[in-house]
$ cat my_file-v3.tsv   # TSV, C-alpha atoms
chain	number	residue	atom	x	y	z
A	1235	MET	CA	-34.74	-150.49	-3.73
A	1236	ARG	CA	-34.34	-147.26	-1.77
A	1237	PRO	CA	-34.14	-144.08	-3.87
A	1238	GLU	CA	-30.80	-143.10	-2.32
A	1239	ASP	CA	-29.39	-146.53	-3.18
A	1240	PHE	CA	-30.60	-146.19	-6.75
A	1241	ASP	CA	-29.04	-142.74	-7.01
A	1242	PHE	CA	-25.77	-144.04	-5.64
A	1243	ILE	CA	-25.47	-146.85	-8.19
A	1244	ALA	CA	-26.72	-144.68	-11.06
A	1245	LYS	CA	-24.09	-142.03	-10.32
A	1246	MET	CA	-21.33	-144.58	-9.95
A	1247	LEU	CA	-22.23	-146.17	-13.30
A	1248	LYS	CA	-22.38	-142.85	-15.07
A	1249	ASP	CA	-19.05	-141.68	-13.66
A	1250	ARG	CA	-17.29	-144.88	-14.54
A	1251	SER	CA	-18.79	-145.81	-17.89
A	1252	GLY	CA	-21.12	-143.04	-19.07
A	1253	LEU	CA	-24.03	-145.48	-18.80
A	1254	VAL	CA	-27.28	-143.74	-17.91
A	1255	ILE	CA	-29.86	-145.74	-15.96
A	1256	SER	CA	-33.20	-144.01	-15.54
A	1257	ARG	CA	-35.56	-144.86	-12.71
A	1258	ASP	CA	-37.86	-146.82	-15.00
A	1259	LYS	CA	-34.92	-149.14	-15.71
A	1260	ALA	CA	-34.39	-149.94	-12.04
A	1261	TYR	CA	-35.45	-153.53	-12.76
A	1262	LEU	CA	-32.24	-153.88	-14.79
A	1263	LEU	CA	-30.21	-153.29	-11.63
A	1264	GLU	CA	-32.22	-155.98	-9.93
A	1265	SER	CA	-31.81	-158.58	-12.68
A	1266	ARG	CA	-28.16	-157.98	-13.46
A	1267	LEU	CA	-26.75	-157.24	-10.01
A	1268	THR	CA	-28.50	-159.89	-7.95
A	1269	PRO	CA	-26.17	-162.57	-9.39
A	1270	VAL	CA	-23.15	-160.36	-8.52
A	1271	ALA	CA	-24.43	-160.01	-4.95
A	1272	ARG	CA	-24.97	-163.76	-4.62
A	1273	LYS	CA	-21.51	-164.52	-5.92
A	1274	ARG	CA	-20.12	-162.38	-3.10
A	1275	GLY	CA	-22.28	-164.12	-0.52
A	1276	LEU	CA	-24.42	-161.02	-0.04
A	1277	LYS	CA	-28.14	-161.30	0.53
A	1278	GLY	CA	-29.39	-158.97	-2.14
A	1279	LEU	CA	-29.16	-155.54	-3.70
A	1280	ASP	CA	-29.44	-153.66	-0.41
A	1281	ASP	CA	-26.43	-155.50	0.96
A	1282	LEU	CA	-24.57	-155.01	-2.29
A	1283	VAL	CA	-25.11	-151.25	-2.25
A	1284	ALA	CA	-24.00	-151.05	1.37
A	1285	THR	CA	-20.83	-152.93	0.44
A	1286	LEU	CA	-20.31	-150.83	-2.68
A	1287	ARG	CA	-20.20	-147.62	-0.66
A	1288	THR	CA	-16.92	-148.71	0.88
A	1289	ALA	CA	-15.83	-151.18	-1.77
A	1290	GLY	CA	-12.53	-151.32	-3.57
A	1291	GLU	CA	-11.90	-151.17	-7.28
A	1292	ASP	CA	-12.65	-154.85	-7.92
A	1293	LEU	CA	-16.29	-154.77	-6.91
A	1294	LEU	CA	-16.95	-151.41	-8.54
A	1295	ARG	CA	-15.52	-152.80	-11.75
A	1296	GLU	CA	-17.54	-155.99	-11.51
A	1297	VAL	CA	-20.78	-154.08	-11.01
A	1298	THR	CA	-20.01	-151.75	-13.92
A	1299	GLU	CA	-19.23	-154.70	-16.18
A	1300	ALA	CA	-22.42	-156.47	-15.17
A	1301	MET	CA	-24.46	-153.41	-16.09
A	1302	THR	CA	-22.94	-152.57	-19.46
A	1303	THR	CA	-24.43	-154.29	-22.47
A	1304	ASN	CA	-22.13	-156.62	-24.30
A	1305	GLU	CA	-24.31	-157.81	-27.10
A	1306	SER	CA	-22.36	-158.24	-30.27
A	1307	PHE	CA	-22.41	-160.36	-33.38
A	1308	PHE	CA	-20.47	-160.93	-36.54
A	1309	PHE	CA	-21.28	-158.61	-39.45
A	1310	ARG	CA	-23.96	-156.94	-37.36
A	1311	ASP	CA	-26.57	-155.32	-39.65
A	1312	ILE	CA	-24.52	-156.49	-42.70
A	1313	LYS	CA	-24.96	-153.18	-44.58
A	1314	PRO	CA	-22.17	-151.22	-42.83
A	1315	PHE	CA	-19.73	-153.99	-43.71
A	1316	ASP	CA	-20.91	-154.10	-47.33
A	1317	GLN	CA	-20.40	-150.33	-47.47
A	1318	PHE	CA	-16.97	-150.72	-45.95
A	1319	LYS	CA	-15.94	-153.29	-48.50
A	1320	ALA	CA	-17.51	-151.68	-51.55
A	1321	MET	CA	-16.80	-148.00	-50.94
A	1322	VAL	CA	-14.74	-147.14	-47.89
A	1323	LEU	CA	-11.94	-149.63	-48.42
A	1324	PRO	CA	-11.34	-148.81	-52.13
A	1325	GLN	CA	-11.18	-145.12	-51.17
A	1326	ILE	CA	-8.63	-145.79	-48.46
A	1327	LEU	CA	-6.54	-147.90	-50.79
A	1328	ALA	CA	-6.58	-145.18	-53.44
A	1329	ASN	CA	-5.88	-142.32	-51.09
A	1330	ARG	CA	-3.38	-143.91	-48.75
A	1331	ALA	CA	-1.48	-145.48	-51.65
A	1332	GLN	CA	1.61	-143.42	-50.84
A	1333	LYS	CA	1.63	-144.18	-47.15
A	1334	LYS	CA	0.41	-147.76	-47.52
A	1335	SER	CA	-0.98	-147.83	-44.04
A	1336	PHE	CA	-4.22	-147.15	-42.21
A	1337	ARG	CA	-5.81	-147.80	-38.83
A	1338	ILE	CA	-9.32	-148.88	-37.87
A	1339	TRP	CA	-10.84	-148.60	-34.42
A	1340	SER	CA	-13.66	-150.72	-33.06
A	1341	ALA	CA	-14.77	-148.65	-30.06
A	1342	ALA	CA	-16.52	-150.59	-27.28
A	1343	SER	CA	-15.54	-153.79	-29.04
A	1344	SER	CA	-17.22	-156.12	-26.53
A	1345	SER	CA	-16.38	-159.74	-27.39
A	1346	GLY	CA	-14.63	-158.74	-30.59
A	1347	GLN	CA	-17.02	-159.72	-33.37
A	1348	GLU	CA	-16.99	-156.33	-35.12
A	1349	ALA	CA	-13.19	-156.10	-35.13
A	1350	TYR	CA	-12.87	-159.67	-36.38
A	1351	SER	CA	-15.52	-159.12	-39.06
A	1352	LEU	CA	-13.38	-156.25	-40.40
A	1353	ALA	CA	-10.27	-158.42	-40.19
A	1354	MET	CA	-11.98	-161.15	-42.24
A	1355	ILE	CA	-13.06	-158.61	-44.87
A	1356	LEU	CA	-9.47	-157.38	-45.15
A	1357	LYS	CA	-8.16	-160.94	-45.28
A	1358	GLU	CA	-10.51	-161.68	-48.17
A	1359	GLU	CA	-8.99	-158.76	-50.09
A	1360	GLY	CA	-5.68	-160.58	-49.77
A	1361	ALA	CA	-3.41	-159.64	-52.66
A	1362	LYS	CA	-4.65	-156.03	-52.90
A	1363	LEU	CA	-3.30	-155.38	-49.41
A	1364	ALA	CA	0.10	-156.95	-49.83
A	1365	GLY	CA	2.73	-154.58	-48.46
A	1366	TRP	CA	0.18	-152.54	-46.50
A	1367	LYS	CA	0.45	-151.94	-42.79
A	1368	ILE	CA	-3.04	-152.19	-41.37
A	1369	GLU	CA	-3.97	-151.96	-37.72
A	1370	ILE	CA	-7.32	-152.89	-36.24
A	1371	VAL	CA	-7.72	-151.89	-32.61
A	1372	GLY	CA	-10.61	-152.98	-30.41
A	1373	THR	CA	-11.15	-151.28	-27.06
A	1374	ASP	CA	-13.55	-151.92	-24.21
A	1375	ILE	CA	-13.83	-151.15	-20.51
A	1376	SER	CA	-14.74	-154.71	-19.63
A	1377	THR	CA	-11.69	-156.86	-18.93
A	1378	GLU	CA	-13.90	-159.94	-19.11
A	1379	MET	CA	-15.02	-159.02	-22.64
A	1380	LEU	CA	-11.46	-158.17	-23.67
A	1381	GLU	CA	-10.28	-161.59	-22.53
A	1382	LYS	CA	-13.04	-163.26	-24.50
A	1383	ALA	CA	-12.23	-161.16	-27.56
A	1384	LYS	CA	-8.52	-161.99	-27.37
A	1385	ALA	CA	-9.25	-165.70	-27.06
A	1386	GLY	CA	-11.53	-165.52	-30.09
A	1387	LEU	CA	-13.68	-168.35	-28.74
A	1388	TYR	CA	-17.38	-168.30	-29.58
A	1389	SER	CA	-20.34	-170.53	-28.89
A	1390	GLN	CA	-22.27	-172.30	-31.63
A	1391	PHE	CA	-25.04	-169.76	-31.11
A	1392	GLU	CA	-22.66	-166.82	-31.54
A	1393	VAL	CA	-21.09	-168.09	-34.76
A	1394	GLN	CA	-24.53	-168.46	-36.31
A	1395	ARG	CA	-25.56	-164.85	-35.82
A	1396	GLY	CA	-24.41	-163.02	-38.93
A	1397	LEU	CA	-21.38	-165.08	-39.88
A	1398	PRO	CA	-21.66	-166.59	-43.39
A	1399	ILE	CA	-21.06	-170.33	-43.31
A	1400	GLN	CA	-18.17	-170.06	-45.80
A	1401	TYR	CA	-16.37	-167.80	-43.33
A	1402	LEU	CA	-16.98	-170.24	-40.49
A	1403	VAL	CA	-15.38	-173.01	-42.51
A	1404	LYS	CA	-12.53	-170.83	-43.68
A	1405	TYR	CA	-11.61	-168.94	-40.54
A	1406	PHE	CA	-12.72	-171.01	-37.55
A	1407	LYS	CA	-11.70	-174.23	-35.88
A	1408	LYS	CA	-13.97	-176.27	-33.71
A	1409	THR	CA	-12.58	-176.96	-30.25
A	1410	ASN	CA	-14.89	-179.08	-28.17
A	1411	GLU	CA	-18.22	-177.26	-28.28
A	1412	MET	CA	-16.71	-173.87	-29.07
A	1413	TRP	CA	-15.46	-172.29	-32.28
A	1414	GLN	CA	-12.15	-170.46	-32.28
A	1415	ILE	CA	-11.20	-167.86	-34.85
A	1416	ASP	CA	-8.00	-168.51	-36.77
A	1417	SER	CA	-4.76	-167.27	-35.22
A	1418	ALA	CA	-3.96	-165.35	-38.44
A	1419	ILE	CA	-7.18	-163.33	-38.02
A	1420	ARG	CA	-6.56	-162.90	-34.29
A	1421	ALA	CA	-3.12	-161.52	-35.06
A	1422	MET	CA	-4.69	-158.76	-37.18
A	1423	VAL	CA	-6.51	-157.25	-34.20
A	1424	GLN	CA	-5.18	-155.74	-30.97
A	1425	PHE	CA	-7.53	-155.51	-28.02
A	1426	ARG	CA	-6.91	-152.90	-25.33
A	1427	GLU	CA	-8.64	-151.77	-22.19
A	1428	TYR	CA	-9.87	-148.24	-22.72
A	1429	ASN	CA	-12.58	-146.01	-21.36
A	1430	LEU	CA	-14.32	-143.85	-23.97
A	1431	LEU	CA	-14.83	-141.14	-21.37
A	1432	HIS	CA	-11.10	-140.68	-20.92
A	1433	ASP	CA	-8.62	-138.81	-23.08
A	1434	LEU	CA	-8.30	-140.84	-26.28
A	1435	LYS	CA	-5.10	-139.31	-27.61
A	1436	THR	CA	-2.80	-142.11	-26.47
A	1437	LEU	CA	-4.65	-144.45	-28.82
A	1438	GLY	CA	-3.19	-142.63	-31.81
A	1439	GLN	CA	-5.02	-141.63	-34.97
A	1440	PHE	CA	-7.69	-143.67	-36.74
A	1441	ASP	CA	-8.76	-143.38	-40.37
A	1442	VAL	CA	-12.02	-145.22	-39.76
A	1443	VAL	CA	-13.84	-145.41	-36.43
A	1444	PHE	CA	-16.63	-147.87	-35.69
A	1445	CYS	CA	-18.58	-146.63	-32.66
A	1446	ARG	CA	-21.87	-148.39	-33.24
A	1447	ASN	CA	-24.60	-148.85	-30.66
A	1448	VAL	CA	-22.51	-147.24	-27.96
A	1449	LEU	CA	-23.83	-143.67	-27.73
A	1450	ILE	CA	-27.38	-144.93	-27.17
A	1451	TYR	CA	-26.44	-145.71	-23.58
A	1452	PHE	CA	-25.14	-142.20	-22.84
A	1453	ASP	CA	-26.89	-138.94	-22.00
A	1454	GLN	CA	-26.65	-135.97	-24.34
A	1455	PRO	CA	-23.61	-134.19	-22.80
A	1456	THR	CA	-21.69	-137.47	-22.66
A	1457	LYS	CA	-22.54	-138.24	-26.29
A	1458	SER	CA	-21.25	-134.80	-27.32
A	1459	ARG	CA	-18.08	-135.21	-25.31
A	1460	VAL	CA	-17.31	-138.66	-26.72
A	1461	LEU	CA	-17.94	-137.52	-30.31
A	1462	ASP	CA	-15.72	-134.47	-29.79
A	1463	ASN	CA	-12.95	-136.65	-28.39
A	1464	ILE	CA	-13.23	-139.10	-31.29
A	1465	SER	CA	-13.02	-136.25	-33.80
A	1466	LYS	CA	-9.69	-135.23	-32.29
A	1467	ILE	CA	-8.04	-138.53	-33.11
A	1468	MET	CA	-9.18	-138.69	-36.72
A	1469	PRO	CA	-7.45	-137.21	-39.78
A	1470	ASP	CA	-9.44	-134.54	-41.66
A	1471	ASP	CA	-10.73	-137.12	-44.11
A	1472	GLY	CA	-11.52	-139.83	-41.56
A	1473	LEU	CA	-14.87	-141.60	-41.40
A	1474	LEU	CA	-17.04	-142.51	-38.44
A	1475	TYR	CA	-19.61	-145.28	-38.29
A	1476	LEU	CA	-22.51	-145.01	-35.85
A	1477	GLY	CA	-25.31	-147.51	-35.16
A	1478	GLY	CA	-28.61	-147.46	-37.04
A	1479	ALA	CA	-30.47	-145.75	-34.18
A	1480	GLU	CA	-27.78	-143.14	-33.59
A	1481	THR	CA	-27.09	-139.73	-35.08
A	1482	VAL	CA	-24.84	-136.69	-34.68
A	1483	LEU	CA	-27.63	-134.25	-35.44
A	1484	GLY	CA	-28.16	-131.91	-32.53
A	1485	ILE	CA	-25.40	-133.67	-30.58
A	1486	SER	CA	-22.12	-132.71	-32.19
A	1487	ASP	CA	-21.11	-130.18	-34.82
A	1488	LYS	CA	-17.84	-132.02	-35.38
A	1489	PHE	CA	-19.45	-134.58	-37.70
A	1490	LYS	CA	-22.01	-134.61	-40.48
A	1491	PRO	CA	-23.75	-137.48	-42.26
A	1492	VAL	CA	-22.19	-138.60	-45.53
A	1493	PRO	CA	-24.93	-138.14	-48.13
A	1494	GLU	CA	-26.60	-141.36	-49.27
A	1495	GLN	CA	-24.43	-143.46	-46.94
A	1496	ARG	CA	-26.54	-144.31	-43.94
A	1497	GLY	CA	-24.59	-144.62	-40.71
A	1498	ILE	CA	-21.36	-143.03	-42.02
A	1499	TYR	CA	-20.22	-139.59	-40.86
A	1500	SER	CA	-17.40	-137.32	-41.95
A	1501	LEU	CA	-15.73	-134.44	-40.16
A	1502	THR	CA	-17.06	-130.93	-40.63
A	1503	ARG	CA	-13.79	-129.13	-40.03
A	1504	PRO	CA	-12.03	-127.55	-43.03
A	1505	GLY	CA	-10.45	-130.23	-45.16
A	1506	GLY	CA	-12.88	-132.83	-43.89
A	1507	ALA	CA	-15.63	-132.19	-46.43
A	1508	ALA	CA	-17.36	-135.32	-47.58
A	1509	SER	CA	-17.72	-133.75	-50.99
A	1510	ALA	CA	-13.95	-133.92	-51.35
A	1511	VAL	CA	-14.30	-136.99	-53.52
A	1512	PRO	CA	-16.83	-136.07	-56.17
A	1513	GLY	CA	-19.26	-138.74	-57.14
A	1514	THR	CA	-18.61	-141.00	-54.20
A	1515	GLY	CA	-19.92	-138.86	-51.40
A	1516	LEU	CA	-17.08	-140.15	-49.29
A	1517	GLY	CA	-14.21	-138.42	-47.58
A	1518	LEU	CA	-10.79	-140.01	-47.31
A	1519	LYS	CA	-8.79	-137.99	-49.74
A	1520	ALA	CA	-5.04	-138.15	-49.99
B	1006	MET	CA	-44.75	-164.60	-51.33
B	1007	LYS	CA	-41.69	-166.86	-51.31
B	1008	SER	CA	-42.08	-170.58	-50.75
B	1009	CYS	CA	-40.02	-172.86	-48.53
B	1010	LEU	CA	-40.01	-176.65	-48.42
B	1011	ILE	CA	-39.30	-177.93	-44.91
B	1012	VAL	CA	-37.61	-181.33	-44.98
B	1013	ASP	CA	-37.27	-183.06	-41.60
B	1014	ASP	CA	-38.35	-186.41	-40.21
B	1015	SER	CA	-39.29	-184.79	-36.91
B	1016	LYS	CA	-42.82	-183.48	-36.82
B	1017	VAL	CA	-41.92	-181.12	-33.97
B	1018	ILE	CA	-39.05	-179.54	-35.92
B	1019	ARG	CA	-41.29	-179.13	-38.99
B	1020	MET	CA	-43.88	-177.43	-36.83
B	1021	VAL	CA	-41.38	-175.03	-35.22
B	1022	ALA	CA	-39.82	-174.19	-38.59
B	1023	LYS	CA	-43.25	-173.69	-40.16
B	1024	LYS	CA	-44.25	-171.23	-37.47
B	1025	ILE	CA	-41.07	-169.18	-37.86
B	1026	LEU	CA	-41.29	-169.22	-41.66
B	1027	HIS	CA	-44.91	-168.10	-41.64
B	1028	GLU	CA	-43.87	-165.18	-39.44
B	1029	LEU	CA	-41.28	-164.34	-42.08
B	1030	THR	CA	-44.15	-164.45	-44.63
B	1031	PHE	CA	-43.09	-167.63	-46.44
B	1032	SER	CA	-45.56	-170.15	-47.73
B	1033	THR	CA	-44.48	-173.61	-46.66
B	1034	ALA	CA	-44.71	-177.24	-47.72
B	1035	GLU	CA	-43.38	-180.22	-45.79
B	1036	ALA	CA	-41.59	-183.47	-46.52
B	1037	GLU	CA	-40.56	-186.22	-44.08
B	1038	ASP	CA	-37.53	-187.45	-45.98
B	1039	GLY	CA	-35.33	-186.75	-48.99
B	1040	GLN	CA	-37.37	-188.89	-51.38
B	1041	GLN	CA	-40.63	-187.11	-50.54
B	1042	ALA	CA	-38.81	-183.80	-50.94
B	1043	LEU	CA	-37.40	-184.81	-54.31
B	1044	ASP	CA	-40.82	-185.90	-55.55
B	1045	TYR	CA	-42.24	-182.57	-54.42
B	1046	CYS	CA	-39.52	-180.60	-56.23
B	1047	LYS	CA	-40.13	-182.49	-59.46
B	1048	GLY	CA	-43.63	-181.00	-59.38
B	1049	THR	CA	-42.96	-177.54	-57.90
B	1050	MET	CA	-39.58	-175.92	-57.34
B	1051	PRO	CA	-39.68	-173.98	-54.05
B	1052	ASP	CA	-37.65	-170.79	-53.56
B	1053	ALA	CA	-35.99	-172.25	-50.49
B	1054	VAL	CA	-35.41	-175.63	-48.87
B	1055	LEU	CA	-34.75	-176.00	-45.14
B	1056	LEU	CA	-33.04	-179.36	-45.01
B	1057	ASP	CA	-32.30	-181.89	-42.27
B	1058	TRP	CA	-29.36	-184.25	-42.78
B	1059	ASN	CA	-30.23	-187.55	-41.12
B	1060	MET	CA	-33.54	-188.94	-42.32
B	1061	PRO	CA	-34.85	-192.39	-43.30
B	1062	VAL	CA	-35.33	-193.45	-46.97
B	1063	MET	CA	-33.14	-190.65	-48.42
B	1064	ASN	CA	-30.94	-188.36	-46.37
B	1065	GLY	CA	-30.47	-184.63	-46.87
B	1066	ILE	CA	-27.14	-184.67	-48.67
B	1067	ASP	CA	-28.32	-187.27	-51.21
B	1068	PHE	CA	-31.47	-185.25	-51.78
B	1069	LEU	CA	-29.40	-182.11	-52.37
B	1070	ARG	CA	-27.17	-183.82	-54.97
B	1071	GLU	CA	-30.25	-185.14	-56.80
B	1072	LEU	CA	-32.01	-181.78	-56.57
B	1073	ARG	CA	-29.13	-179.92	-58.19
B	1074	LYS	CA	-29.29	-182.34	-61.17
B	1075	LEU	CA	-32.99	-181.62	-61.83
B	1076	PRO	CA	-34.06	-179.09	-64.45
B	1077	GLY	CA	-34.46	-175.85	-62.50
B	1078	GLY	CA	-32.85	-177.58	-59.52
B	1079	GLU	CA	-30.26	-174.82	-59.17
B	1080	HIS	CA	-33.01	-172.33	-58.28
B	1081	PRO	CA	-33.87	-173.22	-54.67
B	1082	VAL	CA	-31.70	-171.70	-51.96
B	1083	VAL	CA	-30.84	-174.66	-49.75
B	1084	VAL	CA	-30.20	-174.13	-46.05
B	1085	PHE	CA	-29.16	-177.19	-44.09
B	1086	CYS	CA	-30.58	-177.43	-40.58
B	1087	THR	CA	-29.01	-180.31	-38.71
B	1088	THR	CA	-27.38	-181.50	-35.50
B	1089	GLU	CA	-24.25	-182.36	-37.53
B	1090	ASN	CA	-21.92	-179.60	-36.42
B	1091	ASP	CA	-18.40	-180.54	-37.49
B	1092	ILE	CA	-16.39	-178.84	-40.22
B	1093	GLU	CA	-16.34	-182.00	-42.38
B	1094	HIS	CA	-20.13	-182.17	-42.64
B	1095	ILE	CA	-20.38	-178.44	-43.31
B	1096	GLN	CA	-17.77	-178.65	-46.04
B	1097	GLU	CA	-19.49	-181.64	-47.63
B	1098	ALA	CA	-22.76	-179.71	-47.65
B	1099	ILE	CA	-21.22	-176.65	-49.30
B	1100	THR	CA	-19.53	-178.84	-51.92
B	1101	ALA	CA	-22.86	-180.50	-52.68
B	1102	GLY	CA	-24.41	-177.09	-53.32
B	1103	ALA	CA	-25.84	-175.92	-50.00
B	1104	ASN	CA	-26.11	-172.12	-49.66
B	1105	GLU	CA	-26.15	-171.88	-45.88
B	1106	TYR	CA	-25.96	-174.14	-42.87
B	1107	ILE	CA	-27.73	-174.00	-39.52
B	1108	MET	CA	-26.53	-176.11	-36.60
B	1109	LYS	CA	-29.32	-177.29	-34.33
B	1110	PRO	CA	-30.57	-176.20	-31.90
B	1111	PHE	CA	-31.79	-173.15	-33.76
B	1112	ASP	CA	-34.24	-170.35	-33.01
B	1113	SER	CA	-36.08	-167.77	-35.06
B	1114	GLU	CA	-33.21	-165.31	-34.72
B	1115	ILE	CA	-30.71	-167.70	-36.30
B	1116	LEU	CA	-33.09	-168.77	-39.04
B	1117	GLN	CA	-33.89	-165.17	-39.85
B	1118	ALA	CA	-30.19	-164.20	-39.88
B	1119	LYS	CA	-29.29	-167.06	-42.18
B	1120	PHE	CA	-32.19	-166.45	-44.55
B	1121	SER	CA	-31.34	-162.78	-44.88
B	1122	GLN	CA	-27.67	-163.61	-45.52
B	1123	VAL	CA	-28.60	-165.67	-48.56
B	1124	GLY	CA	-30.94	-162.97	-49.81
B	1125	LEU	CA	-34.25	-164.70	-49.06
B	1126	LEU	CA	-35.41	-161.82	-46.84

$ encode --input "my_file-v3.tsv" --output "structure tokens"
Amino acid sequence: MRPEDFDFIAKMLKDRSGLVISRDKAYLLESRLTPVARKRGLKGLDDLVATLRTAGEDLLREVTEAMTTNESFFFRDIKPFDQFKAMVLPQILANRAQKKSFRIWSAASSSGQEAYSLAMILKEEGAKLAGWKIEIVGTDISTEMLEKAKAGLYSQFEVQRGLPIQYLVKYFKKTNEMWQIDSAIRAMVQFREYNLLHDLKTLGQFDVVFCRNVLIYFDQPTKSRVLDNISKIMPDDGLLYLGGAETVLGISDKFKPVPEQRGIYSLTRPGGAASAVPGTGLGLKA
Amino acid sequence: MKSCLIVDDSKVIRMVAKKILHELTFSTAEAEDGQQALDYCKGTMPDAVLLDWNMPVMNGIDFLRELRKLPGGEHPVVVFCTTENDIEHIQEAITAGANEYIMKPFDSEILQAKFSQVGLL
């Protein structure tokens, strides 16, 4: 691949999705974009780049979607969901008791497993949440992934990665060789097309934000920008989840780690102190 | 080191499972059918049983029901591993006392995920 072609694609990807591809990852372009080129009847990457330079929105979108990682599974890493159920949720219920409503955001929701995992946890709580208005919103830039998420259809392989068998029996139906999540669980989640690099304000405010394994694909300034934007749509006592390999340290002064709660971050601004709830180390006060 | 009894009438499946389980630092024993497995458990209760459904002599579900009646038979974590992939079979397995359920084909990632869900890892 010619250096100027690489630069062209790398810049396009970064502008559109924040994704940073370094030169040593050029093989990724080769492996993921060759199928896109073939589908269009183009000979290879060189032809694809030539076409891209004058291409319309459709092809640019297709290339961006092919390059972004969409790996996702139910209850990924388990621990964050255990934390959510054991500590975060009880805090929300106590501190939003007056309002009886809260909103959760699954940012870069891919095929929807994280959002649906949260929905299943909430469903399990059943009676405790009677009368509450709870919104779970999943967003992604990939329309293909959003369609898959909305359909809630997963392969046998996908439903075996992280999903306890009792939940499969309880919340899924088998349709041919696929498994479809229950319509009651699907109804608990809204999926919307949204680019994390854009202004997030129209999404509204979120009490808990899951943005796990997303920042790892961005460069430092983009990470800072995204974290700053997320902080603006959270209440003072909101909580942010990042992936196991991610941190805010040295990237954003808007968040700080919640002590003893790996992967959870609270806001640093006045009123957002994690120490607000003594003994729990968690934010989310009334 | 935790122990796992691999119960499957296919030698190839036993071999694949054994390799994965050794990588997960389990000690393993093998049985070709439910009866052999039951005899083994009467001597030594393993920590885990990876269990096929369809086997000659005694099938997996009958083995599981017998196992749970044995003294100490509630101890092993039983993970089915079978080509039966409909809700009815899965429900029957859970009712009979299975802790998890793998639908074949499986790979090390699935086995590892399932074993960690039931607290074996």

$ atom_distance --input "my_file-v3.tsv" --atom1 "CA of Phe1111 (chain B)" --atom2 "CA of Asp1057 (chain B)"
12.2 Å

$ residues_around --input "my_file-v3.tsv" --residues "Met1063 (chain B)" --least-positions-apart "3" --cutoff "8 Å" --atoms "all atoms listed in the file" --output "JSON, numbers by chain"
{"B": [1038, 1039, 1040, 1060, 1067, 1068]}

$ interface_residues --input "my_file-v3.tsv" --of "chain A" --to "chain B" --cutoff "7 Å" --atoms "only C-alpha atoms" --output "list in words"
Gln1394, Arg1395, Gly1396, Ile1399 and Val1403 of chain A

$ residues_around --input "my_file-v3.tsv" --residues "Asp1014 (chain B)" --least-positions-apart "6" --cutoff "12 Å" --atoms "all atoms listed in the file" --output "list of chain:residue names"
B:Met1020, B:Glu1035, B:Ala1036, B:Glu1037, B:Asp1038, B:Gly1039, B:Gln1040, B:Gln1041, B:Ala1042, B:Leu1056, B:Asp1057, B:Trp1058, B:Asn1059, B:Met1060, B:Pro1061, B:Val1062, B:Met1063, B:Asn1064, B:Gly1065, B:Cys1086, B:Thr1087

$ atom_distance --input "my_file-v3.tsv" --atom1 "CA of Thr1303 (chain A)" --atom2 "CA of Arg1266 (chain A)"
10.4 Å

$ closest_residue --input "my_file-v3.tsv" --among "A:Gly1365, A:Pro1314, A:Gly1484, A:Pro1504" --to "Pro1455 (chain A)" --atoms "only C-alpha atoms"
A:Gly1484

$ atom_distance --input "my_file-v3.tsv" --atom1 "CA of Glu1264 (chain A)" --atom2 "CA of Leu1279 (chain A)"
7.0 Å

$ closest_residue --input "my_file-v3.tsv" --among "A:Asp1441, A:Asp1487, A:Glu1359, A:Asp1416" --to "Lys1457 (chain A)" --atoms "all atoms listed in the file"
A:Asp1487

$ residues_around --input "my_file-v3.tsv" --residues "Leu1363 (chain A)" --least-positions-apart "6" --cutoff "9 Å" --atoms "all atoms listed in the file" --output "PyMOL selection string"
chain A and resi 1327+1334+1356-1357

$ write_last_selection --input "my_file-v3.tsv" --atoms "C-alpha atoms" --output "PDB file, in the frame of the given file"
ATOM      1  CA  LEU A1327      -6.540-147.900 -50.790  1.00  0.00           C
ATOM      2  CA  LYS A1334       0.410-147.760 -47.520  1.00  0.00           C
ATOM      3  CA  LEU A1356      -9.470-157.380 -45.150  1.00  0.00           C
ATOM      4  CA  LYS A1357      -8.160-160.940 -45.280  1.00  0.00           C
TER       5      LYS A1357
END

$ residues_around --input "my_file-v3.tsv" --residues "Leu1474 (chain A)" --least-positions-apart "2" --cutoff "10 Å" --atoms "all atoms listed in the file" --output "PDB file with C-alpha atoms, in the coordinates of the input"
ATOM      1  CA  TRP A1339     -10.840-148.600 -34.420  1.00  0.00           C
ATOM      2  CA  PHE A1440      -7.690-143.670 -36.740  1.00  0.00           C
ATOM      3  CA  ASP A1441      -8.760-143.380 -40.370  1.00  0.00           C
ATOM      4  CA  VAL A1442     -12.020-145.220 -39.760  1.00  0.00           C
ATOM      5  CA  VAL A1443     -13.840-145.410 -36.430  1.00  0.00           C
ATOM      6  CA  PHE A1444     -16.630-147.870 -35.690  1.00  0.00           C
ATOM      7  CA  CYS A1445     -18.580-146.630 -32.660  1.00  0.00           C
ATOM      8  CA  ARG A1446     -21.870-148.390 -33.240  1.00  0.00           C
ATOM      9  CA  LEU A1461     -17.940-137.520 -30.310  1.00  0.00           C
ATOM     10  CA  ILE A1464     -13.230-139.100 -31.290  1.00  0.00           C
ATOM     11  CA  SER A1465     -13.020-136.250 -33.800  1.00  0.00           C
ATOM     12  CA  MET A1468      -9.180-138.690 -36.720  1.00  0.00           C
ATOM     13  CA  GLY A1472     -11.520-139.830 -41.560  1.00  0.00           C
ATOM     14  CA  LEU A1476     -22.510-145.010 -35.850  1.00  0.00           C
ATOM     15  CA  PHE A1489     -19.450-134.580 -37.700  1.00  0.00           C
ATOM     16  CA  LYS A1490     -22.010-134.610 -40.480  1.00  0.00           C
ATOM     17  CA  PRO A1491     -23.750-137.480 -42.260  1.00  0.00           C
ATOM     18  CA  VAL A1492     -22.190-138.600 -45.530  1.00  0.00           C
ATOM     19  CA  GLY A1497     -24.590-144.620 -40.710  1.00  0.00           C
ATOM     20  CA  ILE A1498     -21.360-143.030 -42.020  1.00  0.00           C
ATOM     21  CA  TYR A1499     -20.220-139.590 -40.860  1.00  0.00           C
ATOM     22  CA  SER A1500     -17.400-137.320 -41.950  1.00  0.00           C
ATOM     23  CA  LEU A1501     -15.730-134.440 -40.160  1.00  0.00           C
TER      24      LEU A1501
END
